[in-house]
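File shown here: run_32.cif, holding mmCIF, C-alpha atoms.
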data_coords
#
loop_
_atom_site.group_PDB
_atom_site.id
_atom_site.type_symbol
_atom_site.label_atom_id
_atom_site.label_comp_id
_atom_site.auth_asym_id
_atom_site.auth_seq_id
_atom_site.Cartn_x
_atom_site.Cartn_y
_atom_site.Cartn_z
ATOM 1 C CA MET A 159 -6.500 2.302 -16.001
ATOM 2 C CA SER A 160 -7.174 -0.584 -13.759
ATOM 3 C CA GLN A 161 -6.619 -0.156 -10.051
ATOM 4 C CA SER A 162 -5.600 -3.160 -8.032
ATOM 5 C CA LEU A 163 -7.524 -4.045 -4.934
ATOM 6 C CA PRO A 164 -5.701 -4.145 -1.613
ATOM 7 C CA ASP A 165 -4.177 -7.505 -0.763
ATOM 8 C CA ARG A 166 -6.396 -8.831 2.013
ATOM 9 C CA LYS A 167 -5.270 -11.512 4.394
ATOM 10 C CA THR A 168 -7.795 -14.163 5.283
ATOM 11 C CA VAL A 169 -8.341 -15.324 8.838
ATOM 12 C CA ARG A 170 -10.124 -18.450 7.662
ATOM 13 C CA LEU A 171 -8.689 -21.913 8.091
ATOM 14 C CA CYS A 172 -7.108 -23.372 4.954
ATOM 15 C CA ASP A 173 -8.895 -26.430 3.537
ATOM 16 C CA TYR A 174 -11.954 -25.891 5.766
ATOM 17 C CA ASP A 175 -15.248 -25.402 3.917
ATOM 18 C CA TYR A 176 -17.323 -23.950 6.800
ATOM 19 C CA ALA A 177 -20.314 -26.039 5.663
ATOM 20 C CA GLU A 178 -20.596 -27.889 8.959
ATOM 21 C CA GLY A 179 -19.538 -27.120 12.499
ATOM 22 C CA GLU A 180 -19.997 -24.847 15.476
ATOM 23 C CA TYR A 181 -18.927 -21.230 15.196
ATOM 24 C CA PHE A 182 -18.621 -18.160 17.384
ATOM 25 C CA VAL A 183 -19.373 -15.187 15.112
ATOM 26 C CA THR A 184 -19.093 -11.432 15.646
ATOM 27 C CA ILE A 185 -20.527 -8.971 13.134
ATOM 28 C CA CYS A 186 -19.790 -5.256 13.638
ATOM 29 C CA THR A 187 -21.440 -2.157 12.294
ATOM 30 C CA GLU A 188 -19.347 0.092 10.095
ATOM 31 C CA ARG A 189 -16.949 2.222 12.178
ATOM 32 C CA ARG A 190 -18.647 0.644 15.216
ATOM 33 C CA VAL A 191 -21.450 3.204 15.160
ATOM 34 C CA HIS A 192 -24.215 2.472 17.690
ATOM 35 C CA TYR A 193 -26.904 1.669 15.123
ATOM 36 C CA LEU A 194 -28.376 -1.312 16.960
ATOM 37 C CA GLY A 195 -29.221 0.148 20.373
ATOM 38 C CA GLU A 196 -27.792 1.317 23.685
ATOM 39 C CA ILE A 197 -27.003 -0.448 26.947
ATOM 40 C CA GLU A 198 -28.963 0.747 29.981
ATOM 41 C CA HIS A 199 -28.524 -0.959 33.359
ATOM 42 C CA GLY A 200 -26.964 -4.049 31.795
ATOM 43 C CA GLU A 201 -29.694 -4.516 29.155
ATOM 44 C CA ILE A 202 -29.802 -3.595 25.490
ATOM 45 C CA GLN A 203 -32.480 -1.148 24.391
ATOM 46 C CA LEU A 204 -32.804 -1.980 20.697
ATOM 47 C CA THR A 205 -33.404 0.527 17.931
ATOM 48 C CA LYS A 206 -35.705 -0.247 15.009
ATOM 49 C CA ILE A 207 -32.686 -1.758 13.170
ATOM 50 C CA GLY A 208 -31.732 -3.762 16.271
ATOM 51 C CA GLU A 209 -35.272 -5.161 16.524
ATOM 52 C CA TYR A 210 -35.191 -6.131 12.855
ATOM 53 C CA LEU A 211 -31.805 -7.819 13.321
ATOM 54 C CA LYS A 212 -33.251 -9.830 16.210
ATOM 55 C CA MET A 213 -36.139 -10.946 14.004
ATOM 56 C CA GLN A 214 -33.756 -11.948 11.192
ATOM 57 C CA ILE A 215 -31.639 -14.051 13.554
ATOM 58 C CA GLU A 216 -34.722 -15.879 14.784
ATOM 59 C CA ILE A 217 -36.159 -16.310 11.273
ATOM 60 C CA THR A 218 -32.851 -17.673 9.981
ATOM 61 C CA GLU A 219 -33.002 -20.594 12.376
ATOM 62 C CA LYS A 220 -36.652 -21.284 11.506
ATOM 63 C CA LEU A 221 -36.107 -21.085 7.742
ATOM 64 C CA ARG A 222 -33.168 -23.438 7.845
ATOM 65 C CA VAL A 223 -34.763 -25.826 10.306
ATOM 66 C CA GLY A 224 -32.518 -28.752 11.050
ATOM 67 C CA THR A 225 -29.509 -27.280 9.249
ATOM 68 C CA VAL A 226 -28.794 -24.074 11.179
ATOM 69 C CA GLU A 227 -29.126 -23.502 14.899
ATOM 70 C CA ILE A 228 -28.464 -20.240 16.711
ATOM 71 C CA PRO A 229 -28.675 -21.322 20.353
ATOM 72 C CA CYS A 230 -27.153 -18.171 21.790
ATOM 73 C CA TYR A 231 -26.767 -14.575 20.617
ATOM 74 C CA VAL A 232 -26.611 -11.050 21.943
ATOM 75 C CA ILE A 233 -27.175 -7.803 20.101
ATOM 76 C CA MET A 234 -24.983 -4.979 21.362
ATOM 77 C CA PRO A 235 -25.006 -1.279 20.319
ATOM 78 C CA ASN A 236 -22.496 -1.768 17.498
ATOM 79 C CA HIS A 237 -22.084 -5.519 17.046
ATOM 80 C CA VAL A 238 -23.756 -8.872 17.459
ATOM 81 C CA HIS A 239 -22.279 -12.089 18.842
ATOM 82 C CA LEU A 240 -23.780 -15.413 17.775
ATOM 83 C CA ILE A 241 -23.128 -19.079 18.187
ATOM 84 C CA ILE A 242 -24.078 -20.688 14.889
ATOM 85 C CA ILE A 243 -24.244 -24.443 14.452
ATOM 86 C CA ILE A 244 -24.409 -25.760 10.895
ATOM 87 C CA ASN A 245 -25.223 -29.358 10.062
ATOM 88 C CA ALA A 246 -24.864 -29.770 6.278
ATOM 89 C CA ARG A 247 -25.912 -33.418 6.343
ATOM 90 C CA ARG A 248 -29.338 -32.375 7.572
ATOM 91 C CA ASP A 249 -29.563 -29.954 4.641
ATOM 92 C CA ALA A 250 -29.654 -32.880 2.231
ATOM 93 C CA LEU A 251 -32.358 -34.471 4.383
ATOM 94 C CA ASN A 252 -34.496 -31.306 4.258
ATOM 95 C CA ALA A 253 -34.142 -31.109 0.472
ATOM 96 C CA SER A 254 -35.587 -34.610 0.231
ATOM 97 C CA GLY A 255 -38.874 -33.834 1.924
ATOM 98 C CA ALA A 256 -38.497 -32.767 5.552
ATOM 99 C CA PRO A 257 -41.296 -30.513 6.805
ATOM 100 C CA GLN A 258 -40.857 -26.853 5.940
ATOM 101 C CA VAL A 259 -41.598 -23.925 8.221
ATOM 102 C CA ASP A 260 -44.172 -21.313 7.218
ATOM 103 C CA VAL A 261 -42.769 -17.788 7.268
ATOM 104 C CA PRO A 262 -45.166 -14.862 7.746
ATOM 105 C CA LYS A 263 -45.829 -13.118 4.413
ATOM 106 C CA THR A 264 -44.373 -9.860 5.746
ATOM 107 C CA ASP A 265 -41.054 -11.649 6.243
ATOM 108 C CA ALA A 266 -41.061 -13.640 3.006
ATOM 109 C CA ARG A 267 -39.160 -11.051 0.970
ATOM 110 C CA SER A 268 -36.328 -10.647 3.469
ATOM 111 C CA ALA A 269 -36.300 -14.386 4.118
ATOM 112 C CA SER A 270 -35.785 -15.080 0.429
ATOM 113 C CA LEU A 271 -32.584 -13.043 0.582
ATOM 114 C CA GLN A 272 -31.087 -15.634 2.894
ATOM 115 C CA PHE A 273 -31.003 -18.432 0.349
ATOM 116 C CA GLY A 274 -28.654 -18.880 -2.551
ATOM 117 C CA PRO A 275 -26.430 -21.453 -4.189
ATOM 118 C CA GLN A 276 -24.203 -21.680 -1.093
ATOM 119 C CA ARG A 277 -27.008 -21.789 1.429
ATOM 120 C CA GLY A 278 -25.310 -24.431 3.537
ATOM 121 C CA ASN A 279 -22.175 -22.589 4.599
ATOM 122 C CA LEU A 280 -21.412 -20.051 7.308
ATOM 123 C CA ALA A 281 -20.758 -17.148 4.933
ATOM 124 C CA SER A 282 -24.172 -17.541 3.298
ATOM 125 C CA VAL A 283 -25.936 -17.535 6.672
ATOM 126 C CA ILE A 284 -24.154 -14.309 7.674
ATOM 127 C CA ALA A 285 -24.705 -12.749 4.241
ATOM 128 C CA GLY A 286 -28.417 -13.507 4.477
ATOM 129 C CA ILE A 287 -28.757 -11.789 7.836
ATOM 130 C CA LYS A 288 -26.629 -8.790 6.855
ATOM 131 C CA SER A 289 -28.340 -8.239 3.504
ATOM 132 C CA ALA A 290 -31.856 -8.506 4.961
ATOM 133 C CA VAL A 291 -31.062 -5.904 7.643
ATOM 134 C CA THR A 292 -29.366 -3.603 5.122
ATOM 135 C CA ARG A 293 -32.330 -3.833 2.752
ATOM 136 C CA PHE A 294 -34.721 -3.036 5.624
ATOM 137 C CA ALA A 295 -32.648 0.032 6.509
ATOM 138 C CA ASN A 296 -32.587 1.219 2.890
ATOM 139 C CA GLU A 297 -36.329 0.691 2.411
ATOM 140 C CA ASN A 298 -37.039 2.666 5.596
ATOM 141 C CA ASN A 299 -34.517 5.461 4.947
ATOM 142 C CA ILE A 300 -32.519 4.538 8.052
ATOM 143 C CA ILE A 301 -28.815 5.334 7.972
ATOM 144 C CA PHE A 302 -27.029 2.053 8.582
ATOM 145 C CA ALA A 303 -24.022 0.042 7.405
ATOM 146 C CA TRP A 304 -22.240 -3.176 8.354
ATOM 147 C CA GLN A 305 -18.499 -3.666 8.509
ATOM 148 C CA GLN A 306 -17.577 -5.591 5.352
ATOM 149 C CA ARG A 307 -16.245 -8.695 7.037
ATOM 150 C CA PHE A 308 -17.146 -10.682 10.113
ATOM 151 C CA TYR A 309 -15.114 -12.538 12.701
ATOM 152 C CA GLU A 310 -15.607 -16.253 13.160
ATOM 153 C CA HIS A 311 -13.998 -18.819 15.403
ATOM 154 C CA VAL A 312 -14.438 -22.574 15.032
ATOM 155 C CA VAL A 313 -15.569 -23.934 18.404
ATOM 156 C CA ARG A 314 -13.560 -27.048 19.181
ATOM 157 C CA SER A 315 -14.866 -28.354 22.512
ATOM 158 C CA ARG A 316 -17.807 -28.290 24.954
ATOM 159 C CA THR A 317 -15.662 -26.379 27.452
ATOM 160 C CA GLU A 318 -14.947 -23.714 24.850
ATOM 161 C CA MET A 319 -18.631 -23.594 23.851
ATOM 162 C CA ASN A 320 -19.657 -23.050 27.480
ATOM 163 C CA ARG A 321 -17.058 -20.288 27.939
ATOM 164 C CA ILE A 322 -18.254 -18.516 24.776
ATOM 165 C CA ALA A 323 -21.939 -18.828 25.762
ATOM 166 C CA GLU A 324 -21.147 -17.311 29.157
ATOM 167 C CA TYR A 325 -19.235 -14.466 27.465
ATOM 168 C CA ILE A 326 -22.233 -13.773 25.196
ATOM 169 C CA GLU A 327 -24.702 -13.804 28.091
ATOM 170 C CA GLN A 328 -22.530 -11.468 30.198
ATOM 171 C CA ASN A 329 -21.679 -9.086 27.336
ATOM 172 C CA PRO A 330 -24.304 -6.395 28.135
ATOM 173 C CA TYR A 331 -23.208 -6.289 31.784
ATOM 174 C CA ASN A 332 -19.579 -5.804 30.736
ATOM 175 C CA TRP A 333 -20.277 -3.118 28.135
ATOM 176 C CA ALA A 334 -18.429 -0.388 30.033
ATOM 177 C CA THR A 335 -15.134 -2.228 29.482
ATOM 178 C CA ASP A 336 -15.981 -4.060 26.228
ATOM 179 C CA GLU A 337 -13.327 -3.919 23.493
ATOM 180 C CA TYR A 338 -16.076 -3.017 20.973
ATOM 181 C CA ASN A 339 -17.282 -0.061 23.075
ATOM 182 C CA THR A 340 -15.962 2.995 21.250
ATOM 183 C CA ASP A 341 -16.599 5.128 24.353
ATOM 184 C CA TYR A 342 -14.234 2.906 26.382
ATOM 185 C CA VAL A 343 -11.263 3.097 24.005
#
Here is a file; write its structure as structure tokens.
Amino acid sequence: MSQSLPDRKTVRLCDYDYAEGEYFVTICTERRVHYLGEIEHGEIQLTKIGEYLKMQIEITEKLRVGTVEIPCYVIMPNHVHLIIIINARRDALNASGAPQVDVPKTDARSASLQFGPQRGNLASVIAGIKSAVTRFANENNIIFAWQQRFYEHVVRSRTEMNRIAEYIEQNPYNWATDEYNTDYV
């Protein structure tokens, strides 16, 4: 007997390929468990998983030099907010001989997870980060899981970008009343 999968509604824009643009992204842990750290005095104290996530975010930008920028992010206890800028036209330039960035050998295995046939779109960038962190957790016997989906918003103006960047920067200070804080609900 074949079971049908639940009918899922997409929040993505129709006829938009997400291969180029500026995005505000939120990725949550499963059931919003505090796997990534805790907030103390307005600052995040990262766990081992949180530290690895930070490294993956920074490596992602370096590996995809010229095509992906992550100018602003914050890791919270149970989610991460990022501004991700994708420039697909630069991707073609890099494939034709732009200088490549050396990745430390210890990071080469997880870095290789971030590339695939759709390496130029938003979903592949997020999948690369999520899969690298999940693999690290599994290899180190750390209980951890991501929520299956992620939230993204196409940034449409400089004013909106500035408002989002300010929200990201202030997020740890506002943790007590944050909508993602399961203790607040």
- For His199 in chain A, the nearest of the candidates A:Trp333, A:Val232, A:Ile284, A:Thr340, counting only C-alpha atoms: A:Trp333
- Message: Taking 2 positions as the minimum chain separation for residues in the same chain, which residues sit within 8 Å of range 235-246 of chain A when counting all atoms listed in the file? Answer as a PyMOL selection string.
- Response: chain A and resi 177-187+190-197+202+204+224-233+248-250+278-280+323+326+338-339
- Message: Here is a test: counting only C-alpha atoms, which residue of A:Ser289, A:Asn320, A:Gln305, A:Asn329 is nearest to Gln214 in chain A?
- Response: A:Ser289
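Between CA of Val223 in chain A and CA of Met319 in chain A lies a distance of 21.2 Å.
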Around range 277-294 of chain A, with edges along x, y and z and 4 Å added on all six sides, what centre and edge lengths do you get, in Å to one decimal, as lines of an AutoDock Vina configuration file?
center_x = -27.7
center_y = -13.7
center_z = 4.6
size_x = 22.0
size_y = 29.4
size_z = 14.4
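Closest approach to Leu211 in chain A among A:Met234, A:Ala334, A:Ile287, A:Ile322 is made by A:Ile287 (distances from only C-alpha atoms).
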- Query: When you draw a straight line from CA of Gly200 in chain A to CA of Arg314 in chain A, how long is it in Å?
  - Reply: 29.5 Å
